[in-house]
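Peer 1: What follows is data21.cif, made up of mmCIF, C-alpha atoms:
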data_input
loop_
_atom_site.label_atom_id
_atom_site.label_comp_id
_atom_site.auth_asym_id
_atom_site.auth_seq_id
_atom_site.Cartn_x
_atom_site.Cartn_y
_atom_site.Cartn_z
CA MET O 1342 0.00 0.00 0.00
CA MET O 1343 1.07 3.56 -0.60
CA GLN O 1344 -0.54 6.68 0.82
CA ILE O 1345 0.01 10.34 0.04
CA SER O 1346 -1.26 13.27 2.07
CA ALA O 1347 -0.61 16.96 1.48
CA ARG O 1348 0.24 19.81 3.84
CA GLN O 1349 0.39 23.48 2.86
CA LEU O 1350 2.99 25.87 4.18
CA ASP O 1351 2.85 29.28 2.49
CA LYS O 1352 3.81 28.64 -1.12
CA THR O 1353 5.08 25.17 -0.37
CA THR O 1354 3.24 21.87 -0.51
CA ILE O 1355 4.65 19.01 1.49
CA LEU O 1356 3.58 15.61 0.25
CA ASP O 1357 3.94 12.94 2.93
CA VAL O 1358 4.36 9.65 1.14
CA SER O 1359 4.24 6.26 2.84
CA GLY O 1360 4.56 2.69 1.60
CA ASP O 1361 6.25 1.27 -1.48
CA ILE O 1362 6.51 3.11 -4.79
CA ASP O 1363 6.48 0.24 -7.28
CA LEU O 1364 4.82 -0.71 -10.56
CA ALA O 1365 1.43 -0.94 -8.82
CA ARG O 1366 1.68 2.43 -7.07
CA SER O 1367 3.90 4.66 -9.20
CA PRO O 1368 1.05 5.75 -11.55
CA GLU O 1369 -0.81 7.24 -8.56
CA PHE O 1370 2.38 8.77 -7.17
CA ARG O 1371 3.20 10.33 -10.55
CA LYS O 1372 -0.32 11.70 -10.92
CA VAL O 1373 -0.35 13.39 -7.51
CA VAL O 1374 3.09 14.97 -7.86
CA LEU O 1375 2.53 16.16 -11.43
CA ARG O 1376 -0.86 17.61 -10.49
CA GLU O 1377 0.79 19.63 -7.76
CA LEU O 1378 3.35 20.98 -10.19
CA ARG O 1379 1.44 21.35 -13.46
CA GLU O 1380 -2.15 22.04 -12.44
CA LEU O 1381 -1.82 23.72 -9.07
CA ARG O 1382 1.43 25.45 -10.08
CA THR O 1383 2.85 25.14 -6.58
CA PRO O 1384 6.18 27.02 -6.50
CA ARG O 1385 7.84 24.50 -4.19
CA VAL O 1386 6.89 20.84 -3.81
CA VAL O 1387 8.57 18.90 -1.01
CA LEU O 1388 8.40 15.12 -0.99
CA ASN O 1389 8.66 13.60 2.48
CA LEU O 1390 9.93 10.08 1.78
CA THR O 1391 10.63 9.16 5.40
CA ALA O 1392 8.00 6.40 5.36
CA VAL O 1393 8.90 5.05 1.92
CA ARG O 1394 10.83 1.81 2.35
CA TYR O 1395 11.06 0.84 -1.32
CA ILE O 1396 11.17 2.51 -4.72
CA ASP O 1397 11.66 0.79 -8.07
CA SER O 1398 12.63 2.04 -11.52
CA SER O 1399 9.06 3.12 -12.27
CA GLY O 1400 9.11 5.26 -9.12
CA VAL O 1401 12.45 6.76 -10.10
CA ALA O 1402 11.02 7.46 -13.56
CA SER O 1403 8.12 9.32 -11.92
CA LEU O 1404 10.59 11.40 -9.89
CA VAL O 1405 12.54 12.24 -13.04
CA GLU O 1406 9.37 13.28 -14.83
CA ALA O 1407 8.39 15.47 -11.88
CA LEU O 1408 11.85 17.02 -11.80
CA LYS O 1409 11.62 17.88 -15.49
CA ALA O 1410 8.16 19.38 -14.99
CA SER O 1411 9.44 21.51 -12.11
CA ARG O 1412 12.35 22.75 -14.22
CA ASP O 1413 10.04 23.58 -17.13
CA LEU O 1414 7.71 25.53 -14.83
CA GLY O 1415 10.42 27.25 -12.82
CA SER O 1416 9.35 25.62 -9.57
CA ARG O 1417 11.33 23.50 -7.10
CA LEU O 1418 11.05 19.82 -6.27
CA ILE O 1419 12.82 18.87 -3.04
CA LEU O 1420 13.15 15.41 -1.50
CA PHE O 1421 13.90 14.61 2.12
CA GLY O 1422 13.82 11.65 4.50
CA LEU O 1423 15.43 9.14 2.17
CA SER O 1424 15.66 5.66 3.71
CA SER O 1425 18.72 3.51 3.04
CA GLY O 1426 16.78 1.55 0.42
CA VAL O 1427 15.55 4.61 -1.46
CA ARG O 1428 18.97 6.25 -1.32
CA GLU O 1429 20.65 3.10 -2.67
CA VAL O 1430 18.26 2.93 -5.62
CA LEU O 1431 18.79 6.60 -6.47
CA GLN O 1432 22.56 6.11 -6.20
CA LEU O 1433 22.35 3.04 -8.42
CA SER O 1434 20.48 5.07 -11.01
CA LYS O 1435 23.26 7.71 -10.86
CA LEU O 1436 20.42 10.23 -10.80
CA ILE O 1437 20.79 11.16 -7.15
CA ARG O 1438 22.99 14.12 -8.06
CA VAL O 1439 20.27 15.70 -10.21
CA PHE O 1440 17.72 15.91 -7.39
CA GLU O 1441 17.59 18.59 -4.70
CA ILE O 1442 17.79 16.58 -1.48
CA ALA O 1443 17.43 18.03 2.01
CA ASP O 1444 18.39 16.35 5.28
CA THR O 1445 15.33 17.53 7.20
CA GLU O 1446 11.91 19.03 6.63
CA GLU O 1447 13.09 22.31 8.16
CA GLN O 1448 15.87 22.47 5.60
CA ALA O 1449 13.50 21.57 2.76
CA VAL O 1450 11.03 24.37 3.57
CA ALA O 1451 13.59 27.00 4.57
CA PRO O 1452 13.25 30.28 2.62
CA MET R 475 29.46 -7.53 -12.11
CA ALA R 476 27.24 -9.70 -14.30
CA GLU R 477 30.15 -12.04 -15.14
CA GLU R 478 29.53 -15.66 -15.97
CA CYS R 479 28.59 -17.87 -13.03
CA VAL R 480 29.08 -21.51 -14.03
CA LEU R 481 26.90 -23.93 -12.15
CA VAL R 482 28.85 -26.77 -10.51
CA SER R 483 26.17 -28.08 -8.21
CA GLN R 484 22.40 -28.09 -8.71
CA GLY R 485 21.94 -27.44 -5.01
CA SER R 486 18.63 -27.40 -3.22
CA LEU R 487 15.34 -25.76 -3.98
CA LEU R 488 14.59 -23.16 -1.31
CA LEU R 489 11.36 -21.67 -2.59
CA LYS R 490 9.08 -21.92 -5.59
CA MET R 491 6.31 -19.47 -6.40
CA GLU R 492 3.56 -19.63 -9.01
CA LEU R 493 2.45 -16.06 -9.57
CA ARG R 494 0.03 -14.10 -11.72
CA SER R 495 1.28 -11.14 -13.70
CA ASN R 496 -0.47 -8.70 -11.41
CA PRO R 497 1.53 -5.73 -10.10
CA GLU R 498 -0.36 -6.05 -6.80
CA THR R 499 1.54 -9.29 -6.06
CA LEU R 500 4.96 -7.63 -6.29
CA CYS R 501 4.95 -6.53 -2.65
CA VAL R 502 4.25 -10.10 -1.54
CA VAL R 503 7.22 -11.41 -3.53
CA ARG R 504 9.47 -8.65 -2.17
CA ASP R 505 8.56 -9.49 1.42
CA ALA R 506 9.09 -13.24 0.96
CA LEU R 507 12.35 -12.82 -0.93
CA GLY R 508 13.68 -10.31 1.57
CA LYS R 509 13.15 -12.84 4.35
CA LEU R 510 14.72 -15.62 2.29
CA ALA R 511 17.83 -13.57 1.50
CA GLU R 512 18.13 -12.59 5.16
CA THR R 513 17.83 -16.23 6.24
CA LEU R 514 20.58 -17.21 3.80
CA GLY R 515 22.84 -14.70 5.50
CA PHE R 516 23.08 -11.92 2.93
CA PRO R 517 23.96 -8.57 4.47
CA GLU R 518 21.14 -6.03 4.59
CA THR R 519 22.25 -4.06 1.53
CA GLU R 520 22.59 -7.25 -0.51
CA CYS R 521 19.14 -8.41 0.60
CA ARG R 522 17.78 -5.14 -0.80
CA ALA R 523 19.78 -5.61 -4.00
CA VAL R 524 18.37 -9.10 -4.58
CA VAL R 525 14.84 -7.88 -3.89
CA LEU R 526 15.30 -4.96 -6.30
CA ALA R 527 16.62 -7.22 -9.08
CA VAL R 528 13.72 -9.67 -8.81
CA ASP R 529 11.13 -6.91 -8.54
CA GLU R 530 12.53 -5.23 -11.66
CA ALA R 531 12.61 -8.55 -13.52
CA LEU R 532 8.97 -9.24 -12.65
CA THR R 533 8.07 -5.70 -13.67
CA ASN R 534 9.70 -6.30 -17.05
CA ILE R 535 7.76 -9.54 -17.50
CA ILE R 536 4.46 -7.83 -16.67
CA ARG R 537 5.14 -4.79 -18.86
CA HIS R 538 6.96 -6.31 -21.82
CA ALA R 539 6.33 -10.07 -22.06
CA TYR R 540 2.68 -9.87 -20.99
CA GLN R 541 2.11 -6.27 -22.07
CA GLY R 542 0.18 -5.39 -18.94
CA GLN R 543 -2.11 -8.44 -18.80
CA THR R 544 -2.66 -9.27 -15.14
CA GLU R 545 -3.66 -12.95 -15.09
CA ARG R 546 -0.77 -14.62 -16.93
CA PRO R 547 1.49 -17.14 -15.18
CA ILE R 548 4.96 -16.49 -13.86
CA GLU R 549 7.06 -19.16 -12.15
CA ALA R 550 9.81 -18.17 -9.78
CA SER R 551 12.24 -20.62 -8.24
CA PHE R 552 15.01 -19.94 -5.77
CA ARG R 553 17.87 -22.39 -5.23
CA ARG R 554 21.00 -22.48 -3.20
CA ILE R 555 23.72 -23.57 -5.62
CA GLN R 556 27.50 -23.85 -5.98
CA VAL R 557 29.20 -21.93 -8.77
CA ALA R 558 32.76 -21.88 -10.04
CA ARG R 559 34.23 -18.43 -9.64
CA ASP R 560 37.86 -17.34 -9.54
CA GLY R 561 38.99 -20.98 -9.42
CA ALA R 562 36.88 -21.87 -6.41
CA ARG R 563 33.43 -23.23 -5.63
CA LYS R 564 31.27 -20.61 -4.08
CA PRO R 565 27.77 -20.75 -2.63
CA ALA R 566 25.19 -18.63 -4.36
CA LEU R 567 21.50 -17.92 -4.65
CA GLU R 568 20.10 -18.78 -8.08
CA ILE R 569 16.80 -17.23 -9.13
CA VAL R 570 14.96 -18.42 -12.24
CA LEU R 571 11.89 -16.61 -13.55
CA GLU R 572 9.81 -18.11 -16.37
CA ASP R 573 6.93 -16.65 -18.30
CA ARG R 574 4.88 -17.62 -21.35
CA GLY R 575 4.69 -14.16 -22.84
CA ILE R 576 6.01 -12.82 -26.10
CA ARG R 577 9.71 -13.10 -26.74
CA VAL R 578 11.53 -10.16 -25.26
CA HIS R 579 14.98 -9.32 -26.51
CA GLU R 580 17.39 -7.82 -24.03
CA GLU R 581 17.73 -4.70 -26.19
CA GLN R 582 13.99 -4.04 -25.81
CA LEU R 583 14.45 -3.60 -22.08
CA CYS R 584 16.16 -0.31 -22.86
CA GLY R 585 19.37 -0.46 -20.88
CA ARG R 586 20.68 3.05 -21.47
CA ALA R 587 23.45 5.50 -20.79
CA LEU R 588 22.96 6.87 -17.30
CA GLU R 589 24.15 10.30 -18.36
CA ASP R 590 20.82 10.57 -20.14
CA ILE R 591 18.50 12.10 -17.54
CA ARG R 592 15.13 10.74 -18.48
CA ALA R 593 12.44 8.44 -17.22
CA GLY R 594 12.58 4.75 -18.13
CA GLY R 595 15.18 2.18 -19.05
CA LEU R 596 16.54 1.71 -15.55
CA GLY R 597 15.18 -1.72 -14.69
CA LEU R 598 17.76 -3.78 -16.57
CA HIS R 599 20.54 -1.57 -15.26
CA PHE R 600 19.36 -2.20 -11.69
CA MET R 601 19.27 -5.96 -12.31
CA ARG R 602 22.78 -6.04 -13.75
CA LYS R 603 24.21 -3.89 -10.97
CA SER R 604 22.49 -5.87 -8.22
CA MET R 605 23.34 -9.42 -9.33
CA ASP R 606 26.51 -11.32 -10.25
CA ALA R 607 24.95 -12.91 -13.34
CA VAL R 608 21.90 -12.04 -15.43
CA GLU R 609 21.08 -14.34 -18.36
CA PHE R 610 18.09 -14.30 -20.68
CA ARG R 611 17.04 -17.18 -22.91
CA ARG R 612 14.03 -18.52 -24.75
CA LYS R 613 13.26 -22.18 -24.05
CA TRP R 614 10.25 -24.25 -25.14
CA GLY R 615 8.17 -21.20 -25.88
CA ARG R 616 8.99 -19.55 -22.58
CA ASN R 617 11.16 -16.65 -21.58
CA GLN R 618 13.60 -17.73 -18.92
CA LEU R 619 15.66 -15.34 -16.84
CA ARG R 620 18.39 -16.69 -14.60
CA MET R 621 20.05 -14.47 -12.03
CA VAL R 622 22.78 -15.43 -9.58
CA LYS R 623 23.97 -13.69 -6.45
CA LEU R 624 27.09 -14.98 -4.75
CA LEU R 625 26.85 -15.70 -1.06
CA ALA R 626 30.53 -14.97 -0.58
CA THR R 627 30.12 -12.75 2.43
CA ALA R 628 27.36 -14.78 4.03
CA ASP R 629 27.63 -17.32 6.83
CA PRO R 630 26.85 -20.68 5.15
CA ALA R 631 25.68 -22.18 8.45
CA LYS R 632 22.74 -19.79 8.56
CA GLY R 633 21.33 -21.07 5.32
CA SER R 634 21.42 -24.76 6.10
#
Take the structure I supplied and represent it as structure tokens, if you would.
Peer 2:
Amino acid sequence: MMQISARQLDKTTILDVSGDIDLARSPEFRKVVLRELRELRTPRVVLNLTAVRYIDSSGVASLVEALKASRDLGSRLILFGLSSGVREVLQLSKLIRVFEIADTEEQAVAP
Amino acid sequence: MAEECVLVSQGSLLLKMELRSNPETLCVVRDALGKLAETLGFPETECRAVVLAVDEALTNIIRHAYQGQTERPIEASFRRIQVARDGARKPALEIVLEDRGIRVHEEQLCGRALEDIRAGGLGLHFMRKSMDAVEFRRKWGRNQLRMVKLLATADPAKGS
């Protein structure tokens, strides 16, 4: 199971994600994140991945698509709370360097 | 990584699964395989690597061989084997996945240059990086994928 809930903080939306982001769940994950960026035009989207224990290539692909959308729209996509498993997968993809990653929520939402 | 792992002993069957090509079953396989790898004595990071490789392989079967159909059969078997590597016999986990879908050539799985920042094409890369051997073949109308992970750093006593 995967769940996503949203919190607003000024011009920032924090998406708290929990569960596994795999082939079954990545379409929903992609939809929610892209909606926040493309439809709601949120200037800063923060993904709280603290409760995500697993991400596969389809989840990474969704993150890449969201990153591209944020760049196209001039907004920011920030990740924080990466578990060992999620960090390893992003490192394996060699894409970890392209994402903006914060250590804490405070850091992610800092002006 | 992904060098040849020559089988020298058939070993013992640890687990066999008959699955449907439904993405909802992936989490069940991940949980079971994670426990199996842990029981065999793989370190935590290697347990995650094995789980990732199998999950990506099953994802490829569902997406490419079965083109998204959710009720097609997949057989997964997990054996403890002995392989010849660097002039010695080494214990390893062998994973064989079989499906009856359309023939999928390795090139179709889109392994790609990682400098290319785009979505897709990562699954095969993850499998190759996570395992010591990844071999595809077509046999009797089935796609067969064999993956091997050496148990070199594991405590053999834990798996017996």
Peer 1: Using only C-alpha atoms, which protein or nucleic acid residues come within 10 Å of Cys479 of chain R? Drop anything in the same chain fewer than 5 positions from it, and give the result as a list in words.
Peer 2: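 The filter keeps Gln556, Val557, Ala558, Arg559, Asp560, Lys564, Ala566, Glu568, Asp606, Ala607, Val608, Glu609, Met621, Val622, Lys623 and Leu624 of chain R.
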Peer 1: Dump as a ChimeraX atom specification the residues of chain O that approach chain R to within 12 Å, counting all atoms listed in the file.
Peer 2: /O:1342-1343,1360-1368,1371,1394-1410,1424-1440
Peer 1: Would you list the contacts of segment 543-554 of chain R as a ChimeraX atom specification, taking every protein, DNA or RNA residue within 6 Å and counting only C-alpha atoms, but skipping same-chain residues closer than 3 positions in sequence?
Peer 2: /R:485-496,540,566-573
Peer 1: From the list R:Arg563, R:Arg602, R:His538, R:Arg616, which residue is nearest Val578 of chain R when using only C-alpha atoms?
Peer 2: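 Comparing R:Arg563, R:Arg602, R:His538, R:Arg616 against Val578 of chain R, the winner is R:His538.
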Peer 1: Convert the output of the PyMOL selection byres ((chain O and resi 1387) around 6) on the shown file into explicit residues, formatted as a list of chain:residue names.
Peer 2: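 Answer for the PyMOL selection byres ((chain O and resi 1387) around 6): O:Ile1355, O:Val1386, O:Leu1388, O:Leu1418, O:Ile1419, O:Leu1420.
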Peer 1: What's the 8 Å shell around Arg577 of chain R, counting only C-alpha atoms, without same-chain residues fewer than 4 positions away, as a tab-separated table (two decimals) with C-alpha atoms, keeping the file's coordinate frame?
Peer 2:
chain	number	residue	atom	x	y	z
R	539	ALA	CA	6.33	-10.07	-22.06
R	612	ARG	CA	14.03	-18.52	-24.75
R	616	ARG	CA	8.99	-19.55	-22.58
R	617	ASN	CA	11.16	-16.65	-21.58
Peer 1: For atom CA of Met605 of chain R and atom CA of Val524 of chain R, determine how far apart the two atoms are, in Å to one decimal place.
Peer 2: 6.9 Å
Peer 1: Select, from R:Pro517, R:Phe610, R:Gly561, R:Met601, the residue with the minimum atom-to-atom distance to Ala626 of chain R, counting only C-alpha atoms.
Peer 2: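 Among the listed residues, the smallest separation from Ala626 of chain R belongs to R:Pro517.
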Peer 1: Using Å and a single decimal, report how far atom CA of Ile555 of chain R sits from atom CA of Val480 of chain R.
Peer 2: 10.2 Å
Peer 1: Would you list the residues near (6.4, 11.5, -1.8), meaning any protein, DNA or RNA residue with an atom at most 8 Å from that point in file coordinates, counting only C-alpha atoms, as a PyMOL selection string?
Peer 2: chain O and resi 1345+1356-1359+1370+1374+1387-1390+1393+1420
Peer 1: Kindly give the distance, in Å, that separates atom CA of Cys521 of chain R and atom CA of Val502 of chain R, rounded to a single decimal.
Peer 2: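 These two atoms are separated by 15.1 Å.
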Peer 1: If the PyMOL selection byres ((chain O and resi 1448) around 12) is run on the structure shown, which residues does it catch, given as a ChimeraX atom specification?
Peer 2: /O:1387,1389,1419-1422,1441-1447,1449-1452
Peer 1: Once you have the residues from the selection above, write them out as a PDB file, in the frame of the given file, restricted to C-alpha atoms.
Peer 2:
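File written: out_6.pdb
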ATOM      1  CA  VAL O1387       8.570  18.900  -1.010  1.00  0.00           C
ATOM      2  CA  ASN O1389       8.660  13.600   2.480  1.00  0.00           C
ATOM      3  CA  ILE O1419      12.820  18.870  -3.040  1.00  0.00           C
ATOM      4  CA  LEU O1420      13.150  15.410  -1.500  1.00  0.00           C
ATOM      5  CA  PHE O1421      13.900  14.610   2.120  1.00  0.00           C
ATOM      6  CA  GLY O1422      13.820  11.650   4.500  1.00  0.00           C
ATOM      7  CA  GLU O1441      17.590  18.590  -4.700  1.00  0.00           C
ATOM      8  CA  ILE O1442      17.790  16.580  -1.480  1.00  0.00           C
ATOM      9  CA  ALA O1443      17.430  18.030   2.010  1.00  0.00           C
ATOM     10  CA  ASP O1444      18.390  16.350   5.280  1.00  0.00           C
ATOM     11  CA  THR O1445      15.330  17.530   7.200  1.00  0.00           C
ATOM     12  CA  GLU O1446      11.910  19.030   6.630  1.00  0.00           C
ATOM     13  CA  GLU O1447      13.090  22.310   8.160  1.00  0.00           C
ATOM     14  CA  ALA O1449      13.500  21.570   2.760  1.00  0.00           C
ATOM     15  CA  VAL O1450      11.030  24.370   3.570  1.00  0.00           C
ATOM     16  CA  ALA O1451      13.590  27.000   4.570  1.00  0.00           C
ATOM     17  CA  PRO O1452      13.250  30.280   2.620  1.00  0.00           C
TER      18      PRO O1452
END
Peer 1: Would you fill out segment 518-549 of chain R with N, CA and C atoms and return it as an mmCIF file, in the coordinates of the input?
Peer 2:
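Saved result, part35.cif, follows:
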data_model
loop_
_atom_site.group_PDB
_atom_site.id
_atom_site.type_symbol
_atom_site.label_atom_id
_atom_site.label_comp_id
_atom_site.auth_asym_id
_atom_site.auth_seq_id
_atom_site.Cartn_x
_atom_site.Cartn_y
_atom_site.Cartn_z
ATOM 1 N N GLU R 518 22.362 -6.804 4.840
ATOM 2 C CA GLU R 518 21.140 -6.030 4.590
ATOM 3 C C GLU R 518 21.114 -5.367 3.205
ATOM 4 N N THR R 519 22.231 -4.748 2.828
ATOM 5 C CA THR R 519 22.250 -4.060 1.530
ATOM 6 C C THR R 519 22.110 -5.052 0.376
ATOM 7 N N GLU R 520 22.686 -6.251 0.560
ATOM 8 C CA GLU R 520 22.590 -7.250 -0.510
ATOM 9 C C GLU R 520 21.188 -7.869 -0.562
ATOM 10 N N CYS R 521 20.544 -7.962 0.592
ATOM 11 C CA CYS R 521 19.140 -8.410 0.600
ATOM 12 C C CYS R 521 18.309 -7.449 -0.251
ATOM 13 N N ARG R 522 18.540 -6.146 -0.038
ATOM 14 C CA ARG R 522 17.780 -5.140 -0.800
ATOM 15 C C ARG R 522 18.114 -5.219 -2.283
ATOM 16 N N ALA R 523 19.379 -5.511 -2.595
ATOM 17 C CA ALA R 523 19.780 -5.610 -4.000
ATOM 18 C C ALA R 523 19.090 -6.778 -4.694
ATOM 19 N N VAL R 524 19.021 -7.923 -4.009
ATOM 20 C CA VAL R 524 18.370 -9.100 -4.580
ATOM 21 C C VAL R 524 16.876 -8.824 -4.797
ATOM 22 N N VAL R 525 16.266 -8.212 -3.800
ATOM 23 C CA VAL R 525 14.840 -7.880 -3.890
ATOM 24 C C VAL R 525 14.591 -6.925 -5.064
ATOM 25 N N LEU R 526 15.450 -5.931 -5.208
ATOM 26 C CA LEU R 526 15.300 -4.960 -6.300
ATOM 27 C C LEU R 526 15.407 -5.659 -7.665
ATOM 28 N N ALA R 527 16.409 -6.542 -7.797
ATOM 29 C CA ALA R 527 16.620 -7.220 -9.080
ATOM 30 C C ALA R 527 15.407 -8.056 -9.467
ATOM 31 N N VAL R 528 14.870 -8.811 -8.506
ATOM 32 C CA VAL R 528 13.720 -9.670 -8.810
ATOM 33 C C VAL R 528 12.474 -8.837 -9.093
ATOM 34 N N ASP R 529 12.282 -7.791 -8.323
ATOM 35 C CA ASP R 529 11.130 -6.910 -8.540
ATOM 36 C C ASP R 529 11.194 -6.284 -9.937
ATOM 37 N N GLU R 530 12.385 -5.840 -10.332
ATOM 38 C CA GLU R 530 12.530 -5.230 -11.660
ATOM 39 C C GLU R 530 12.326 -6.270 -12.768
ATOM 40 N N ALA R 531 12.798 -7.490 -12.526
ATOM 41 C CA ALA R 531 12.610 -8.550 -13.520
ATOM 42 C C ALA R 531 11.136 -8.876 -13.691
ATOM 43 N N LEU R 532 10.411 -8.963 -12.574
ATOM 44 C CA LEU R 532 8.970 -9.240 -12.650
ATOM 45 C C LEU R 532 8.237 -8.084 -13.322
ATOM 46 N N THR R 533 8.664 -6.874 -13.027
ATOM 47 C CA THR R 533 8.070 -5.700 -13.670
ATOM 48 C C THR R 533 8.252 -5.769 -15.184
ATOM 49 N N ASN R 534 9.446 -6.162 -15.617
ATOM 50 C CA ASN R 534 9.700 -6.300 -17.050
ATOM 51 C C ASN R 534 8.808 -7.363 -17.687
ATOM 52 N N ILE R 535 8.630 -8.477 -16.977
ATOM 53 C CA ILE R 535 7.760 -9.540 -17.500
ATOM 54 C C ILE R 535 6.340 -9.013 -17.669
ATOM 55 N N ILE R 536 5.835 -8.347 -16.631
ATOM 56 C CA ILE R 536 4.460 -7.830 -16.670
ATOM 57 C C ILE R 536 4.307 -6.801 -17.796
ATOM 58 N N ARG R 537 5.271 -5.884 -17.890
ATOM 59 C CA ARG R 537 5.140 -4.790 -18.860
ATOM 60 C C ARG R 537 5.449 -5.208 -20.288
ATOM 61 N N HIS R 538 6.499 -6.015 -20.461
ATOM 62 C CA HIS R 538 6.960 -6.310 -21.820
ATOM 63 C C HIS R 538 6.487 -7.673 -22.336
ATOM 64 N N ALA R 539 6.708 -8.741 -21.574
ATOM 65 C CA ALA R 539 6.330 -10.070 -22.060
ATOM 66 C C ALA R 539 4.812 -10.232 -22.096
ATOM 67 N N TYR R 540 4.134 -9.736 -21.059
ATOM 68 C CA TYR R 540 2.680 -9.870 -20.990
ATOM 69 C C TYR R 540 1.946 -8.573 -21.334
ATOM 70 N N GLN R 541 2.673 -7.542 -21.629
ATOM 71 C CA GLN R 541 2.110 -6.270 -22.070
ATOM 72 C C GLN R 541 0.950 -5.776 -21.200
ATOM 73 N N GLY R 542 1.143 -5.926 -19.896
ATOM 74 C CA GLY R 542 0.180 -5.390 -18.940
ATOM 75 C C GLY R 542 -0.973 -6.307 -18.579
ATOM 76 N N GLN R 543 -1.047 -7.496 -19.198
ATOM 77 C CA GLN R 543 -2.110 -8.440 -18.800
ATOM 78 C C GLN R 543 -1.831 -8.912 -17.371
ATOM 79 N N THR R 544 -2.883 -9.031 -16.577
ATOM 80 C CA THR R 544 -2.660 -9.270 -15.140
ATOM 81 C C THR R 544 -2.898 -10.703 -14.665
ATOM 82 N N GLU R 545 -3.334 -11.597 -15.550
ATOM 83 C CA GLU R 545 -3.660 -12.950 -15.090
ATOM 84 C C GLU R 545 -2.790 -14.029 -15.719
ATOM 85 N N ARG R 546 -1.643 -13.638 -16.266
ATOM 86 C CA ARG R 546 -0.770 -14.620 -16.930
ATOM 87 C C ARG R 546 0.213 -15.220 -15.916
ATOM 88 N N PRO R 547 0.652 -16.461 -16.177
ATOM 89 C CA PRO R 547 1.490 -17.140 -15.180
ATOM 90 C C PRO R 547 2.975 -16.747 -15.204
ATOM 91 N N ILE R 548 3.523 -16.697 -14.028
ATOM 92 C CA ILE R 548 4.960 -16.490 -13.860
ATOM 93 C C ILE R 548 5.434 -17.502 -12.815
ATOM 94 N N GLU R 549 6.495 -18.231 -13.123
ATOM 95 C CA GLU R 549 7.060 -19.160 -12.150
ATOM 96 C C GLU R 549 8.393 -18.618 -11.651
#
